[in-house]
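The next block is data.cif, given as mmCIF, C-alpha atoms.
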data_data
#
loop_
_atom_site.label_atom_id
_atom_site.label_comp_id
_atom_site.auth_asym_id
_atom_site.auth_seq_id
_atom_site.Cartn_x
_atom_site.Cartn_y
_atom_site.Cartn_z
CA MET A 1 120.64 62.40 129.93
CA LYS A 2 123.32 61.83 127.29
CA ASN A 3 120.80 60.04 125.09
CA LEU A 4 118.32 62.84 125.59
CA ILE A 5 120.89 65.43 124.50
CA THR A 6 121.79 63.33 121.45
CA ALA A 7 118.11 63.00 120.51
CA LEU A 8 117.64 66.75 121.01
CA PHE A 9 120.63 67.56 118.81
CA ILE A 10 119.48 65.25 116.02
CA THR A 11 115.96 66.66 116.19
CA LEU A 12 117.28 70.19 116.06
CA MET A 13 119.38 69.43 113.00
CA PHE A 14 116.45 67.91 111.15
CA SER A 15 113.98 70.59 112.18
CA THR A 16 116.24 73.49 111.15
CA SER A 17 117.34 72.00 107.85
CA SER A 18 114.18 73.23 106.14
CA ALA A 19 114.96 76.76 107.29
CA PHE A 20 118.39 76.65 105.67
CA ALA A 21 117.38 74.80 102.53
CA HIS A 22 116.48 76.94 99.55
CA SER A 23 115.71 76.27 95.94
CA ASP A 24 118.43 74.87 93.76
CA HIS A 25 120.43 77.51 91.90
CA GLY A 26 121.29 75.06 89.14
CA GLU A 27 118.08 74.09 87.41
CA ILE A 28 115.34 76.51 86.41
CA SER A 29 111.64 75.75 85.93
CA HIS A 30 109.75 75.73 82.61
CA ASN A 31 108.18 79.08 83.50
CA ALA A 32 111.57 80.58 84.30
CA ALA A 33 112.86 79.32 80.93
CA ILE A 34 109.96 81.09 79.21
CA GLU A 35 110.69 84.30 81.14
CA ILE A 36 114.33 84.15 80.07
CA ALA A 37 113.31 83.66 76.43
CA ALA A 38 110.94 86.66 76.70
CA LYS A 39 113.72 88.83 78.10
CA ALA A 40 116.21 87.57 75.50
CA THR A 41 113.72 88.47 72.77
CA LYS A 42 113.57 92.06 74.06
CA GLN A 43 117.36 92.20 74.14
CA LEU A 44 117.56 90.85 70.59
CA THR A 45 115.39 93.73 69.38
CA PHE A 46 118.01 96.07 70.83
CA LYS A 47 121.25 94.46 69.73
CA ASP A 48 122.70 91.63 67.63
CA PHE A 49 124.19 89.10 70.02
CA GLY A 50 125.72 87.01 67.22
CA PHE A 51 122.93 84.44 67.10
CA LYS A 52 121.63 83.15 63.76
CA VAL A 53 118.49 85.32 63.96
CA GLY A 54 120.59 88.50 64.23
CA LYS A 55 118.86 91.63 65.49
CA LEU A 56 115.09 91.27 65.59
CA SER A 57 112.66 93.89 64.30
CA ASP A 58 110.62 96.09 66.63
CA THR A 59 107.48 93.96 66.15
CA TRP A 60 109.10 91.34 68.43
CA LYS A 61 108.82 93.84 71.29
CA ASN A 62 105.06 93.35 71.30
CA LEU A 63 105.12 89.65 72.13
CA THR A 64 103.31 88.62 75.31
CA THR A 65 103.85 85.65 77.61
CA GLU A 66 101.25 83.70 75.62
CA ASP A 67 103.47 83.85 72.56
CA PHE A 68 106.22 81.86 74.31
CA LYS A 69 105.93 78.09 74.68
CA LEU A 70 108.16 75.34 75.93
CA HIS A 71 108.83 73.58 72.62
CA ALA A 72 110.93 70.68 73.92
CA THR A 73 112.94 69.46 76.86
CA GLU A 74 115.96 67.63 75.55
CA ALA A 75 118.85 66.11 77.44
CA SER A 76 119.84 68.89 79.85
CA ARG A 77 118.48 71.52 77.46
CA TYR A 78 115.27 73.56 77.12
CA VAL A 79 113.95 74.68 73.74
CA VAL A 80 111.51 77.61 73.99
CA SER A 81 109.59 78.95 71.00
CA ALA A 82 108.56 82.57 70.43
CA ASN A 83 105.80 83.17 67.93
CA ASN A 84 105.49 86.57 66.28
CA ARG A 85 101.95 86.53 64.87
CA SER A 86 102.30 89.89 63.13
CA GLU A 87 105.22 88.59 61.03
CA ASN A 88 104.05 84.96 61.08
CA LYS A 89 107.49 83.86 62.24
CA THR A 90 108.68 81.62 65.03
CA ILE A 91 112.12 81.54 66.57
CA TYR A 92 113.54 78.99 68.99
CA PHE A 93 115.83 79.44 71.97
CA LEU A 94 118.14 76.62 73.02
CA MET A 95 119.12 77.09 76.63
CA THR A 96 120.77 75.14 79.39
CA MET A 97 118.81 73.95 82.38
CA SER A 98 120.37 76.80 84.33
CA GLY A 99 118.99 79.37 81.86
CA ASP A 100 121.96 80.27 79.68
CA VAL A 101 120.86 80.95 76.10
CA LEU A 102 123.15 78.99 73.76
CA LYS A 103 121.55 79.37 70.33
CA VAL A 104 118.62 81.16 68.71
CA ASN A 105 117.35 80.20 65.27
CA SER A 106 114.20 79.76 63.16
CA GLU A 107 114.54 76.03 62.51
CA ALA A 108 114.39 74.44 65.98
CA LYS A 109 117.27 72.22 64.90
CA PHE A 110 120.33 72.63 67.05
CA MET B 1 131.37 46.61 147.29
CA GLN B 2 129.95 44.54 144.44
CA ASP B 3 128.07 47.57 143.07
CA LYS B 4 131.24 49.65 143.13
CA GLY B 5 133.06 46.91 141.25
CA GLN B 6 130.39 46.83 138.55
CA GLU B 7 130.51 50.62 138.28
CA LYS B 8 134.28 50.51 137.72
CA MET B 9 133.83 47.89 135.02
CA GLN B 10 131.25 50.03 133.25
CA GLN B 11 133.65 52.95 133.27
CA ALA B 12 136.43 50.82 131.83
CA THR B 13 134.46 49.17 129.00
CA PRO B 14 132.74 51.09 126.15
CA GLN B 15 129.04 51.66 126.76
CA THR B 16 126.53 49.98 124.49
CA MET B 17 123.21 51.76 124.04
CA VAL B 18 120.22 49.47 124.27
CA LEU B 19 116.94 51.05 123.30
CA THR B 20 113.78 49.41 124.44
CA ASN B 21 110.62 49.89 122.42
CA SER B 22 109.16 52.18 125.03
CA ALA B 23 112.32 54.34 125.10
CA LEU B 24 112.37 54.53 121.31
CA LEU B 25 108.72 55.54 121.29
CA LYS B 26 109.44 58.16 123.94
CA TYR B 27 112.33 59.68 121.93
CA THR B 28 110.30 59.61 118.72
CA MET B 29 107.39 61.38 120.39
CA PHE B 30 109.76 63.92 121.91
CA SER B 31 111.35 64.56 118.50
CA ILE B 32 107.97 65.05 116.83
CA VAL B 33 106.78 67.44 119.54
CA PHE B 34 110.06 69.39 119.41
CA ALA B 35 110.01 69.57 115.60
CA ALA B 36 106.40 70.79 115.66
CA PHE B 37 107.29 73.36 118.30
CA THR B 38 110.25 74.63 116.24
CA LEU B 39 108.14 74.71 113.09
CA LEU B 40 105.40 76.77 114.76
CA ILE B 41 107.62 79.11 116.76
CA ILE B 42 110.61 79.66 114.47
CA ILE B 43 110.39 78.32 110.91
CA LEU B 44 106.86 79.35 109.88
CA PRO B 45 107.18 82.96 111.19
CA ALA B 46 110.69 83.48 109.79
CA GLU B 47 110.34 81.79 106.43
CA TYR B 48 106.68 82.25 105.52
CA ASP B 49 105.35 85.00 107.81
CA ILE B 50 102.88 82.53 109.34
CA ASP B 51 102.79 83.22 113.06
CA PRO B 52 99.84 81.44 114.72
CA THR B 53 101.21 81.91 118.25
CA GLY B 54 102.50 85.49 117.99
CA ILE B 55 105.80 84.40 119.56
CA GLY B 56 107.61 84.75 116.22
CA HIS B 57 106.60 88.40 116.14
CA GLU B 58 107.82 88.90 119.73
CA LEU B 59 111.15 87.28 118.83
CA GLY B 60 111.51 89.57 115.81
CA LEU B 61 111.41 86.73 113.29
CA THR B 62 108.77 88.36 111.11
CA ILE B 63 110.71 91.60 110.66
CA PHE B 64 111.51 91.07 106.98
CA HIS B 65 107.88 90.54 106.05
CA GLN B 66 106.79 93.50 108.18
CA GLY B 67 109.29 95.70 106.35
CA LYS B 68 107.72 94.67 103.09
CA ASP B 69 104.22 95.47 104.33
CA ALA B 70 105.27 98.79 105.84
CA SER B 71 107.07 99.89 102.72
CA ALA B 72 103.99 99.11 100.65
CA ASP B 73 102.07 101.62 102.77
CA GLN B 74 104.63 104.31 102.01
CA LEU B 75 104.19 104.11 98.27
CA LEU B 76 103.44 107.33 96.50
CA THR B 77 100.83 105.66 94.33
CA SER B 78 99.58 102.19 95.04
CA GLU B 79 98.33 101.79 91.48
CA ALA B 80 101.78 102.38 90.05
CA SER B 81 103.22 99.88 92.48
CA LYS B 82 100.79 97.16 91.48
CA LYS B 83 101.60 97.80 87.87
CA SER B 84 105.33 97.73 88.38
CA LYS B 85 105.50 94.76 90.73
CA GLY B 86 104.37 91.96 88.43
CA ASP B 87 105.51 92.86 84.94
CA SER B 88 108.94 93.63 83.68
CA GLU B 89 109.47 96.99 82.04
CA THR B 90 111.93 97.81 79.26
CA ILE B 91 113.49 101.27 79.21
CA GLU B 92 116.01 102.73 76.77
CA VAL B 93 118.30 105.50 77.96
CA LEU B 94 120.54 107.51 75.64
CA VAL B 95 123.86 108.55 77.14
CA PRO B 96 125.35 111.29 74.93
CA ALA B 97 129.03 111.27 73.98
CA GLY B 98 131.26 112.66 76.73
CA ARG B 99 128.37 113.12 79.16
CA GLY B 100 126.64 111.40 82.04
CA VAL B 101 122.97 110.78 82.77
CA GLU B 102 121.15 109.64 85.86
CA TYR B 103 118.11 107.38 85.72
CA LYS B 104 116.24 106.87 88.99
CA PHE B 105 113.35 104.93 90.50
CA ILE B 106 111.32 106.25 93.42
CA MET B 107 111.20 103.42 95.92
CA ALA B 108 110.06 102.97 99.51
CA GLN B 109 112.30 101.38 102.10
CA TYR B 110 112.84 97.61 101.62
CA GLN B 111 111.30 97.54 98.16
CA LYS B 112 113.17 95.34 95.74
CA LEU B 113 114.18 95.83 92.13
CA GLU B 114 115.57 93.20 89.76
CA TYR B 115 117.42 94.63 86.79
CA GLU B 116 119.41 93.77 83.71
CA TRP B 117 120.99 96.33 81.43
CA ILE B 118 123.09 96.18 78.29
CA THR B 119 124.63 98.85 76.09
CA ASP B 120 124.52 98.90 72.31
CA GLY B 121 128.25 99.53 72.12
CA ALA B 122 131.11 100.32 74.47
CA ALA B 123 131.24 99.90 78.21
CA LEU B 124 129.97 102.70 80.44
CA TYR B 125 131.19 103.89 83.81
CA PHE B 126 128.30 103.60 86.25
CA ASP B 127 127.41 104.17 89.86
CA LEU B 128 124.33 102.34 91.13
CA HIS B 129 123.26 104.31 94.18
CA GLY B 130 120.45 105.64 96.32
CA GLU B 131 119.59 109.06 97.71
CA PRO B 132 117.36 109.33 100.81
CA GLU B 133 114.01 111.03 100.40
CA GLY B 134 114.02 114.67 101.55
CA ASP B 135 117.79 114.80 102.05
CA THR B 136 119.32 118.14 101.09
CA THR B 137 122.93 117.45 102.06
CA GLY B 138 123.79 115.68 98.82
CA TYR B 139 124.37 112.38 100.60
CA PHE B 140 124.10 109.21 98.54
CA GLU B 141 125.00 105.57 99.08
CA SER B 142 126.68 103.60 96.29
CA TYR B 143 125.79 99.91 95.85
CA ALA B 144 128.03 99.18 92.84
CA ILE B 145 130.59 101.14 90.84
CA ALA B 146 132.27 99.73 87.73
CA THR B 147 132.78 100.17 84.00
CA LEU B 148 130.79 97.54 82.12
CA SER B 149 128.73 96.99 78.97
CA GLU B 150 126.17 94.79 80.74
CA MET B 151 125.05 93.99 84.24
CA LYS B 152 122.40 91.89 85.93
CA GLY B 153 121.35 91.90 89.56
CA SER B 154 118.91 93.11 92.17
CA PHE B 155 118.87 95.36 95.20
CA THR B 156 116.63 96.18 98.13
CA ALA B 157 116.29 99.87 98.90
CA PRO B 158 117.89 100.51 102.30
CA PHE B 159 115.87 103.71 102.70
CA ALA B 160 112.99 105.51 101.00
CA GLY B 161 114.10 107.76 98.16
CA SER B 162 115.43 107.65 94.63
CA GLN B 163 117.47 104.63 93.56
CA GLY B 164 119.18 104.08 90.24
CA TRP B 165 122.13 104.56 87.94
CA TYR B 166 124.50 107.28 86.96
CA TRP B 167 126.03 106.27 83.61
CA LYS B 168 128.94 108.20 82.16
CA ASN B 169 129.94 107.91 78.52
CA THR B 170 133.61 108.74 78.03
CA THR B 171 133.61 107.84 74.31
CA ASP B 172 133.08 110.10 71.31
CA SER B 173 129.82 108.38 70.28
CA PRO B 174 126.43 108.24 71.98
CA ILE B 175 125.60 104.96 73.70
CA THR B 176 122.10 103.62 74.37
CA VAL B 177 121.37 101.52 77.42
CA GLN B 178 118.53 99.00 77.40
CA LEU B 179 117.34 98.55 80.98
CA ILE B 180 114.90 95.76 81.86
CA VAL B 181 113.47 96.04 85.36
CA LYS B 182 111.00 94.11 87.48
CA GLY B 183 110.09 95.01 91.02
CA GLU B 184 108.44 97.50 93.33
CA TYR B 185 108.69 101.20 92.57
CA ALA B 186 106.40 104.16 92.18
CA GLN B 187 107.93 106.26 89.41
CA HIS B 188 111.01 106.35 87.27
CA GLY B 189 112.74 108.68 84.87
CA LEU B 190 115.78 110.77 84.06
CA LYS B 191 116.95 112.98 86.87
#
Serialized structure, structure tokens:
Amino acid sequence: MKNLITALFITLMFSTSSAFAHSDHGEISHNAAIEIAAKATKQLTFKDFGFKVGKLSDTWKNLTTEDFKLHATEASRYVVSANNRSENKTIYFLMTMSGDVLKVNSEAKF
Amino acid sequence: MQDKGQEKMQQATPQTMVLTNSALLKYTMFSIVFAAFTLLIIILPAEYDIDPTGIGHELGLTIFHQGKDASADQLLTSEASKKSKGDSETIEVLVPAGRGVEYKFIMAQYQKLEYEWITDGAALYFDLHGEPEGDTTGYFESYAIATLSEMKGSFTAPFAGSQGWYWKNTTDSPITVQLIVKGEYAQHGLK
């Protein structure tokens, strides 16, 4: 009986672990990185956040998801590009794996 | 007498658990059956709204998903909801100097809104709150009150009605708020 209870307890712990487990808060996906870059672009058209690109012009508001690409995945960093076809310009977002935007410039060299 | 002696010895010395192959197989099979039972009855209904047996519904485990479905039925316009659910929307709100403005979203119960707002200058006093649909008493429920220049978060409407922000500008200059939202709502605008 003791063994049965032990087996039941262990089984219960394993079977419920998937109900408690949720996605990691630390690392974001490539798609999430692109979404963050898209949102940051909108915010940069509104205000200068002190990045090298300064405040972006209103034409950057018209960018769609297709204009954002994952440019590179470096050591614990994402680099996402945003291409403004109307101005023929591309800017690059350097962000941490958790989605914090660190730098934004036009050179992709950080 | 001999049996009693052996029993006493067993009580005095630590027990060692010896599992035979058949016992191990039995426990393994029991564990698999129990895990499958838990998966079908509890985890799938609660986590993913998959309830093949109907027991999850009887136990109330599917309540969160039902709330979502029910609230979708209460939408004022289903077309607006579809439009608002997938894409993010960017809204700019001007808060004049020394005045307050209220910007609200019409939402059904249990609908969710993710938001991020920033100001172009100083911090603003704000009250993120909801007012129940059809209420004439002036009742409202506050979800967050602070003075900030930016905020990011999400909320689930606890009741059907208007949900949103009251921003108050106590400075001598107008302040613009850029609000980026993504979620489920029917309409939005200044109140």
Sel. within 9 Å of pt (110.8, 83.1, 64.9), counting all atoms listed in the file, output as a count of residues only | 15
Interatomic distance, atom CA of A:Ala38 to atom CA of A:Ser76 (Å, one decimal) | 20.1 Å
Expand the PyMOL selection byres ((chain B) within 9 of (chain A)) into the individual residues it matches in the shown file, reporting them as an MDAnalysis selection string.
-> chainID B and resid 17 27:28 30:32 34:36 38:39 42:44 46:47 88 90 118:121 178 180
Gap from atom CA of B:Thr147 to atom CA of B:Tyr115 - Å, one decimal | 16.6 Å
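Residue nearest A:Gly54 within the list A:Lys103, A:Val79, A:Arg85, A:Glu66: A:Lys103 [criterion: smallest interatomic distance, all atoms listed in the file].
Restricting the calculation to only C-alpha atoms, the smallest distance between B:Leu179 and any of B:Phe159, B:Tyr48, B:Tyr139, B:Tyr103 is found for B:Tyr103.
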